[in-house]
Amino acid sequence: MRPIWPAAALVGSLLVGAAALAQEYPAKPLRFIVPFPPGGGNDTVARAIAQQMAPALGQPVVIDNRPGAGGSIGADLAAKAPADGYTLFLAGVGSHVVNPNLHAKLPYDPVRDFAPITLVASAPSVLVVNPGVPARTIAEFTAYARAHPGKLNYASNGNGSAAQLAAAMYESMAGVRMVHVPYKGIAPALTDLLSGEVQLMFGTVVALVPHVQAGKLRALAVTTLKRSALLPDVPTLAESGLPEYQAGSWYGVMAPAGTPRPIIERLHATIARALRQPDVVQRLAAEGAEAIGSTPEEFAAHLKTELARVAAVVRAAGIRIE
């Protein structure tokens with residue numbers, strides 16, 4: 001009979017090594033890749049977290065904005081970074097759900113190339129219409145859209161954007177047909193929506209609330225299962241006759257695949273603690289987002305569910321990159 005002590009000693013040495021790794025980490029600044037420009041919602045979320053992480057880890061957490069291709073440029077950079085815990089990535093619907101479902105070939109795999117750390121927050125979109133549209137509820141809007149197939153134009157901030165997917169999902173579930181008008185960003189889309197060149201848009205709550213409050217746009221419904229704190233009187237689409245409707249944005253922190261588990265666990269604990277801080281909660285709320293702080297396993301499950309959900313929407317709507 002072979003002695004068992006060598007195996008036990010091996011396990012013990014591995015545990016000691018893991019503990020030492022966690023204690024020694026981090027020994028230098030961390031890079032936090034954000035795949036969008038400074039000043040937007042993604043950048044705000046990342047900076048709010050980074051400011052809390054730095055003192056907790058004893059090292060600076062440097063934001064590295066790498067915009068382009070709907071988040072793909074930053075995601076590719078993060079996927080190819082060393083798996084040593086010194087590169088983090090702010091993942092979202094664009095980089096990890098929309099792009100993989102619209103592009104046959106991406107330079108990264110959203111599941112295989114990343115190690116989930118935590119789902120940071122989620123935020124709803126809101127369906128708004130130009131006041132010229134004779135509808136004040138989703139029921140009235142759906143009836144109007146059905147009576148005028150192909151006559152309503154909806155804006156989005158680009159082909160394959162979350163805004164287009166939200167509208168396509170509504171069309172499929174409500175049985176209506178509208179015309180998609182893609183723009184290069186939300187600013188020109190809003191300009192034409194306010195002027196009446198297009199009649200409606202699904203967009204972020206933060207970007208649209210000021211225009212709703214000024215009476216320049218009319219909010220009909222939010223896209224998540226829960227109402228938005230910024231628009232408490234606006235019902236959800238699920239409340240308004242489409243019980244299975246659910247869409248919106250989310251933010252999550254990931255590391256390159258292969259990052260040691262002790263480091264993942266330390267980062268998770270650090271970020272989860274940051275998300276409980278009142279100033280972080282307030283900054284997220286100002287973006288229309290609600291803090292979550294899931295486990296790595298919960299985040300991984302969420303990503304797989306989102307990939308499948310959006311794949312079904314893309315197939316049903318026949319969405320293509322033009």
# chains A, B, ... in the order shown; residues from 1 in each chain; ligands from 1
$ residues_around --residues "A:Pro232" --least-positions-apart "6" --cutoff "12 Å" --atoms "only C-alpha atoms" --output "list in words"
Val126, Val205, Val209, Ala219, Leu220, Ala221, Val222, Lys226 and Gly288 of chain A
$ residues_around --residues "stretch 238-249 of chain A" --least-positions-apart "5" --cutoff "8 Å" --atoms "only C-alpha atoms" --output "ChimeraX atom specification"
/A:92-93,122-125,138-139,162,166,169-170,173-174,221,223-225
$ atom_distance --atom1 "atom CA of A:His148" --atom2 "atom CA of A:Gln199"
12.6 Å
$ closest_atom_pairs --of "stretch 141-250 of chain A" --to "stretch 65-80 of chain A" --cutoff "12 Å" --atoms "only C-alpha atoms" --output "tab-separated table"
residue	atom	partner	partner_atom	distance
A:Asn157	CA	A:Gly70	CA	10.5
A:Gly158	CA	A:Gly70	CA	9.2
A:Asn159	CA	A:Gly70	CA	9.9
A:Gly160	CA	A:Gly70	CA	8.8
A:Ser161	CA	A:Gly70	CA	7.9
A:Ala162	CA	A:Gly70	CA	10.0
A:Lys184	CA	A:Gly70	CA	11.3
A:Gly185	CA	A:Gly70	CA	10.9
$ residues_around --residues "stretch 298-301 of chain A" --least-positions-apart "2" --cutoff "7 Å" --atoms "only C-alpha atoms" --output "ChimeraX atom specification"
/A:116,118-119,294-296,303-305
